[in-house]
Amino acid sequence: YLIPEGTSLWNEELVTKSEDFRIYPNPFSNQINTNSSEKISLKLFNMQGELVGEGINHIETSNTLAQAPYLIKAFKKGELILRDLDIEF
């Protein structure tokens, strides 16, 4: 979903869905990747809004994350794209 940059994480009206790249796997266990050849800044949040991982086109996660839904923010060329992910053990 595309949301104007600089807005809050949880109180957004989702504008449109971006399909030009994938964030995978979903569910994930210890890493998150994107298939984009462009630079994408990724930030992984738990449902309490706490940042639990970040990276460029890739996030390595620790084994300490609880099995729960997570939200990933992907910044690409000034756009903010939100995706939900689940963790798998």
# chains A, B, ... in the order shown; residues from 1 in each chain; ligands from 1
$ residues_around --residues "A:Leu65" --least-positions-apart "5" --cutoff "12 Å" --atoms "only C-alpha atoms" --output "MDAnalysis selection string"
chainID A and resid 28:31 44:47 50:53 60 70 86:89
$ write_last_selection --atoms "N, CA and C atoms" --output "PDB file, in the first residue's frame"
ATOM      1  N   PHE A  28       7.935 -15.583   7.440  1.00  0.00           N
ATOM      2  CA  PHE A  28       9.392 -15.590   7.465  1.00  0.00           C
ATOM      3  C   PHE A  28       9.882 -16.212   8.769  1.00  0.00           C
ATOM      4  N   SER A  29      11.163 -16.615   8.796  1.00  0.00           N
ATOM      5  CA  SER A  29      11.721 -17.161  10.035  1.00  0.00           C
ATOM      6  C   SER A  29      12.907 -16.326  10.512  1.00  0.00           C
ATOM      7  N   ASN A  30      13.965 -16.175   9.713  1.00  0.00           N
ATOM      8  CA  ASN A  30      15.108 -15.408  10.195  1.00  0.00           C
ATOM      9  C   ASN A  30      15.631 -14.378   9.195  1.00  0.00           C
ATOM     10  N   GLN A  31      14.987 -14.250   8.055  1.00  0.00           N
ATOM     11  CA  GLN A  31      15.375 -13.211   7.112  1.00  0.00           C
ATOM     12  C   GLN A  31      14.207 -12.806   6.230  1.00  0.00           C
ATOM     13  N   LEU A  44      11.067  -3.269   9.950  1.00  0.00           N
ATOM     14  CA  LEU A  44      10.136  -4.272  10.456  1.00  0.00           C
ATOM     15  C   LEU A  44       9.665  -3.860  11.846  1.00  0.00           C
ATOM     16  N   PHE A  45       8.343  -3.845  12.053  1.00  0.00           N
ATOM     17  CA  PHE A  45       7.737  -3.428  13.320  1.00  0.00           C
ATOM     18  C   PHE A  45       6.857  -4.535  13.873  1.00  0.00           C
ATOM     19  N   ASN A  46       6.837  -4.650  15.196  1.00  0.00           N
ATOM     20  CA  ASN A  46       5.856  -5.534  15.829  1.00  0.00           C
ATOM     21  C   ASN A  46       4.536  -4.772  15.938  1.00  0.00           C
ATOM     22  N   MET A  47       3.507  -5.424  16.430  1.00  0.00           N
ATOM     23  CA  MET A  47       2.186  -4.795  16.486  1.00  0.00           C
ATOM     24  C   MET A  47       2.066  -3.727  17.578  1.00  0.00           C
ATOM     25  N   GLU A  50       6.994  -1.142  17.758  1.00  0.00           N
ATOM     26  CA  GLU A  50       8.419  -1.123  18.059  1.00  0.00           C
ATOM     27  C   GLU A  50       9.216  -1.635  16.859  1.00  0.00           C
ATOM     28  N   LEU A  51      10.284  -0.923  16.513  1.00  0.00           N
ATOM     29  CA  LEU A  51      11.166  -1.336  15.428  1.00  0.00           C
ATOM     30  C   LEU A  51      11.950  -2.557  15.886  1.00  0.00           C
ATOM     31  N   VAL A  52      11.858  -3.669  15.131  1.00  0.00           N
ATOM     32  CA  VAL A  52      12.546  -4.907  15.519  1.00  0.00           C
ATOM     33  C   VAL A  52      13.583  -5.355  14.485  1.00  0.00           C
ATOM     34  N   GLY A  53      13.696  -4.648  13.362  1.00  0.00           N
ATOM     35  CA  GLY A  53      14.691  -4.970  12.346  1.00  0.00           C
ATOM     36  C   GLY A  53      14.655  -3.966  11.220  1.00  0.00           C
ATOM     37  N   GLU A  60      17.981  -9.280   8.352  1.00  0.00           N
ATOM     38  CA  GLU A  60      18.273 -10.482   9.140  1.00  0.00           C
ATOM     39  C   GLU A  60      17.563 -10.304  10.467  1.00  0.00           C
ATOM     40  N   TYR A  70       3.596  -9.111  11.918  1.00  0.00           N
ATOM     41  CA  TYR A  70       4.496  -7.966  11.903  1.00  0.00           C
ATOM     42  C   TYR A  70       4.127  -7.074  10.727  1.00  0.00           C
ATOM     43  N   ASP A  86       4.048 -12.508   8.630  1.00  0.00           N
ATOM     44  CA  ASP A  86       3.929 -13.386   9.803  1.00  0.00           C
ATOM     45  C   ASP A  86       5.245 -14.114   9.992  1.00  0.00           C
ATOM     46  N   ILE A  87       5.558 -14.433  11.235  1.00  0.00           N
ATOM     47  CA  ILE A  87       6.782 -15.176  11.533  1.00  0.00           C
ATOM     48  C   ILE A  87       6.465 -16.664  11.622  1.00  0.00           C
ATOM     49  N   GLU A  88       7.409 -17.494  11.186  1.00  0.00           N
ATOM     50  CA  GLU A  88       7.233 -18.940  11.198  1.00  0.00           C
ATOM     51  C   GLU A  88       8.388 -19.564  11.960  1.00  0.00           C
ATOM     52  N   PHE A  89       8.095 -20.570  12.782  1.00  0.00           N
ATOM     53  CA  PHE A  89       9.146 -21.264  13.537  1.00  0.00           C
ATOM     54  C   PHE A  89       9.408 -22.619  12.946  1.00  0.00           C
TER      55      PHE A  89
END
$ closest_atom_pairs --of "stretch 14-45 of chain A" --to "stretch 73-77 of chain A" --cutoff "12 Å" --atoms "only C-alpha atoms" --output "tab-separated table"
residue	atom	partner	partner_atom	distance
A:Ser18	CA	A:Lys76	CA	10.5
A:Asp20	CA	A:Lys76	CA	10.7
A:Phe21	CA	A:Lys76	CA	10.2
A:Arg22	CA	A:Ala74	CA	10.6
A:Ile23	CA	A:Ala74	CA	9.1
A:Ile32	CA	A:Ala74	CA	11.7
A:Asn33	CA	A:Ala74	CA	11.2
A:Thr34	CA	A:Ala74	CA	9.7
A:Ser36	CA	A:Lys76	CA	9.9
A:Ser37	CA	A:Lys76	CA	11.2
A:Glu38	CA	A:Lys76	CA	8.0
A:Lys39	CA	A:Lys76	CA	7.1
A:Ile40	CA	A:Lys76	CA	5.1
A:Ser41	CA	A:Phe75	CA	5.1
A:Leu42	CA	A:Ala74	CA	4.6
A:Lys43	CA	A:Lys73	CA	5.1
A:Leu44	CA	A:Lys73	CA	6.5
A:Phe45	CA	A:Lys73	CA	8.0
$ closest_residue --among "A:Ser62, A:Pro69, A:Asn57, A:Asn35" --to "A:Arg83" --atoms "only C-alpha atoms"
A:Pro69
$ atom_distance --atom1 "atom CA of A:Gly78" --atom2 "atom CA of A:Ile59"
19.8 Å
$ atom_distance --atom1 "atom CA of A:Asn63" --atom2 "atom CA of A:Leu82"
23.1 Å
$ atom_distance --atom1 "atom CA of A:Thr64" --atom2 "atom CA of A:Ile81"
25.5 Å
$ select_by_dssp --residues "stretch 24-80 of chain A" --states "strand (DSSP E or B)" --output "mmCIF file with N, CA, C and O atoms, in the first residue's frame"
data_model
loop_
_atom_site.group_PDB
_atom_site.id
_atom_site.type_symbol
_atom_site.label_atom_id
_atom_site.label_comp_id
_atom_site.auth_asym_id
_atom_site.auth_seq_id
_atom_site.Cartn_x
_atom_site.Cartn_y
_atom_site.Cartn_z
ATOM 1 N N TYR A 24 9.624 -11.113 0.565
ATOM 2 C CA TYR A 24 9.429 -12.542 0.796
ATOM 3 C C TYR A 24 10.464 -13.058 1.773
ATOM 4 O O TYR A 24 11.476 -12.374 2.004
ATOM 5 N N PHE A 28 7.935 -15.583 7.440
ATOM 6 C CA PHE A 28 9.392 -15.590 7.465
ATOM 7 C C PHE A 28 9.882 -16.212 8.769
ATOM 8 O O PHE A 28 9.139 -16.342 9.723
ATOM 9 N N GLN A 31 14.987 -14.250 8.055
ATOM 10 C CA GLN A 31 15.375 -13.211 7.112
ATOM 11 C C GLN A 31 14.207 -12.806 6.230
ATOM 12 O O GLN A 31 13.287 -13.585 5.991
ATOM 13 N N ILE A 32 14.275 -11.563 5.763
ATOM 14 C CA ILE A 32 13.266 -10.999 4.861
ATOM 15 C C ILE A 32 14.032 -10.407 3.685
ATOM 16 O O ILE A 32 15.042 -9.735 3.869
ATOM 17 N N ASN A 33 13.557 -10.653 2.468
ATOM 18 C CA ASN A 33 14.223 -10.185 1.257
ATOM 19 C C ASN A 33 13.239 -9.445 0.363
ATOM 20 O O ASN A 33 12.032 -9.590 0.498
ATOM 21 N N THR A 34 13.785 -8.718 -0.604
ATOM 22 C CA THR A 34 12.978 -8.137 -1.665
ATOM 23 C C THR A 34 13.610 -8.508 -3.000
ATOM 24 O O THR A 34 14.823 -8.701 -3.079
ATOM 25 N N SER A 41 14.600 0.694 1.355
ATOM 26 C CA SER A 41 14.845 0.702 2.792
ATOM 27 C C SER A 41 13.694 -0.028 3.476
ATOM 28 O O SER A 41 12.532 0.322 3.293
ATOM 29 N N LEU A 42 14.028 -1.066 4.254
ATOM 30 C CA LEU A 42 13.022 -1.882 4.928
ATOM 31 C C LEU A 42 13.096 -1.683 6.429
ATOM 32 O O LEU A 42 14.189 -1.656 7.004
ATOM 33 N N LYS A 43 11.942 -1.544 7.082
ATOM 34 C CA LYS A 43 11.854 -1.464 8.542
ATOM 35 C C LYS A 43 10.751 -2.398 8.995
ATOM 36 O O LYS A 43 9.630 -2.328 8.498
ATOM 37 N N LEU A 44 11.067 -3.269 9.950
ATOM 38 C CA LEU A 44 10.136 -4.272 10.456
ATOM 39 C C LEU A 44 9.665 -3.860 11.846
ATOM 40 O O LEU A 44 10.482 -3.560 12.717
ATOM 41 N N PHE A 45 8.343 -3.845 12.053
ATOM 42 C CA PHE A 45 7.737 -3.428 13.320
ATOM 43 C C PHE A 45 6.857 -4.535 13.873
ATOM 44 O O PHE A 45 6.182 -5.234 13.116
ATOM 45 N N LEU A 51 10.284 -0.923 16.513
ATOM 46 C CA LEU A 51 11.166 -1.336 15.428
ATOM 47 C C LEU A 51 11.950 -2.557 15.886
ATOM 48 O O LEU A 51 12.624 -2.523 16.915
ATOM 49 N N VAL A 52 11.858 -3.669 15.131
ATOM 50 C CA VAL A 52 12.546 -4.907 15.519
ATOM 51 C C VAL A 52 13.583 -5.355 14.485
ATOM 52 O O VAL A 52 14.284 -6.332 14.702
ATOM 53 N N GLY A 53 13.696 -4.648 13.362
ATOM 54 C CA GLY A 53 14.691 -4.970 12.346
ATOM 55 C C GLY A 53 14.655 -3.966 11.220
ATOM 56 O O GLY A 53 13.619 -3.363 10.958
ATOM 57 N N GLU A 54 15.811 -3.761 10.567
ATOM 58 C CA GLU A 54 15.862 -2.859 9.413
ATOM 59 C C GLU A 54 17.045 -3.203 8.534
ATOM 60 O O GLU A 54 17.992 -3.867 8.974
ATOM 61 N N GLY A 55 16.964 -2.775 7.265
ATOM 62 C CA GLY A 55 18.038 -3.023 6.321
ATOM 63 C C GLY A 55 17.694 -2.476 4.956
ATOM 64 O O GLY A 55 16.609 -1.929 4.741
ATOM 65 N N ILE A 56 18.622 -2.630 4.019
ATOM 66 C CA ILE A 56 18.414 -2.228 2.627
ATOM 67 C C ILE A 56 18.246 -3.498 1.802
ATOM 68 O O ILE A 56 19.159 -4.316 1.714
ATOM 69 N N HIS A 58 17.098 -6.185 2.440
ATOM 70 C CA HIS A 58 17.245 -7.440 3.175
ATOM 71 C C HIS A 58 17.259 -7.133 4.677
ATOM 72 O O HIS A 58 17.846 -6.150 5.102
ATOM 73 N N ILE A 59 16.595 -7.972 5.470
ATOM 74 C CA ILE A 59 16.640 -7.860 6.930
ATOM 75 C C ILE A 59 16.964 -9.230 7.501
ATOM 76 O O ILE A 59 16.309 -10.211 7.163
ATOM 77 N N GLU A 60 17.981 -9.280 8.352
ATOM 78 C CA GLU A 60 18.273 -10.482 9.140
ATOM 79 C C GLU A 60 17.563 -10.304 10.467
ATOM 80 O O GLU A 60 17.753 -9.282 11.139
ATOM 81 N N PRO A 69 1.973 -11.532 14.044
ATOM 82 C CA PRO A 69 2.013 -10.721 12.827
ATOM 83 C C PRO A 69 2.967 -9.534 13.008
ATOM 84 O O PRO A 69 3.140 -9.031 14.118
ATOM 85 N N TYR A 70 3.596 -9.111 11.918
ATOM 86 C CA TYR A 70 4.496 -7.966 11.903
ATOM 87 C C TYR A 70 4.127 -7.074 10.727
ATOM 88 O O TYR A 70 3.469 -7.505 9.789
ATOM 89 N N LEU A 71 4.560 -5.826 10.784
ATOM 90 C CA LEU A 71 4.322 -4.876 9.707
ATOM 91 C C LEU A 71 5.666 -4.425 9.174
ATOM 92 O O LEU A 71 6.579 -4.139 9.957
ATOM 93 N N ILE A 72 5.798 -4.406 7.855
ATOM 94 C CA ILE A 72 7.043 -3.933 7.259
ATOM 95 C C ILE A 72 6.765 -2.653 6.480
ATOM 96 O O ILE A 72 5.783 -2.558 5.752
ATOM 97 N N LYS A 73 7.623 -1.648 6.719
ATOM 98 C CA LYS A 73 7.568 -0.392 5.972
ATOM 99 C C LYS A 73 8.699 -0.438 4.968
ATOM 100 O O LYS A 73 9.842 -0.680 5.328
ATOM 101 N N ALA A 74 8.373 -0.224 3.705
ATOM 102 C CA ALA A 74 9.381 -0.203 2.642
ATOM 103 C C ALA A 74 9.360 1.180 2.004
ATOM 104 O O ALA A 74 8.313 1.632 1.540
ATOM 105 N N PHE A 75 10.506 1.849 2.018
ATOM 106 C CA PHE A 75 10.617 3.171 1.399
ATOM 107 C C PHE A 75 11.310 3.014 0.057
ATOM 108 O O PHE A 75 12.440 2.541 -0.017
ATOM 109 N N LYS A 76 10.605 3.406 -1.003
ATOM 110 C CA LYS A 76 11.148 3.296 -2.360
ATOM 111 C C LYS A 76 10.860 4.588 -3.108
ATOM 112 O O LYS A 76 9.696 4.933 -3.317
ATOM 113 N N GLU A 79 8.261 6.897 -1.708
ATOM 114 C CA GLU A 79 6.964 6.288 -1.401
ATOM 115 C C GLU A 79 7.112 5.382 -0.190
ATOM 116 O O GLU A 79 8.142 4.737 -0.006
ATOM 117 N N LEU A 80 6.083 5.320 0.610
ATOM 118 C CA LEU A 80 6.043 4.408 1.745
ATOM 119 C C LEU A 80 5.070 3.297 1.409
ATOM 120 O O LEU A 80 3.905 3.539 1.113
#
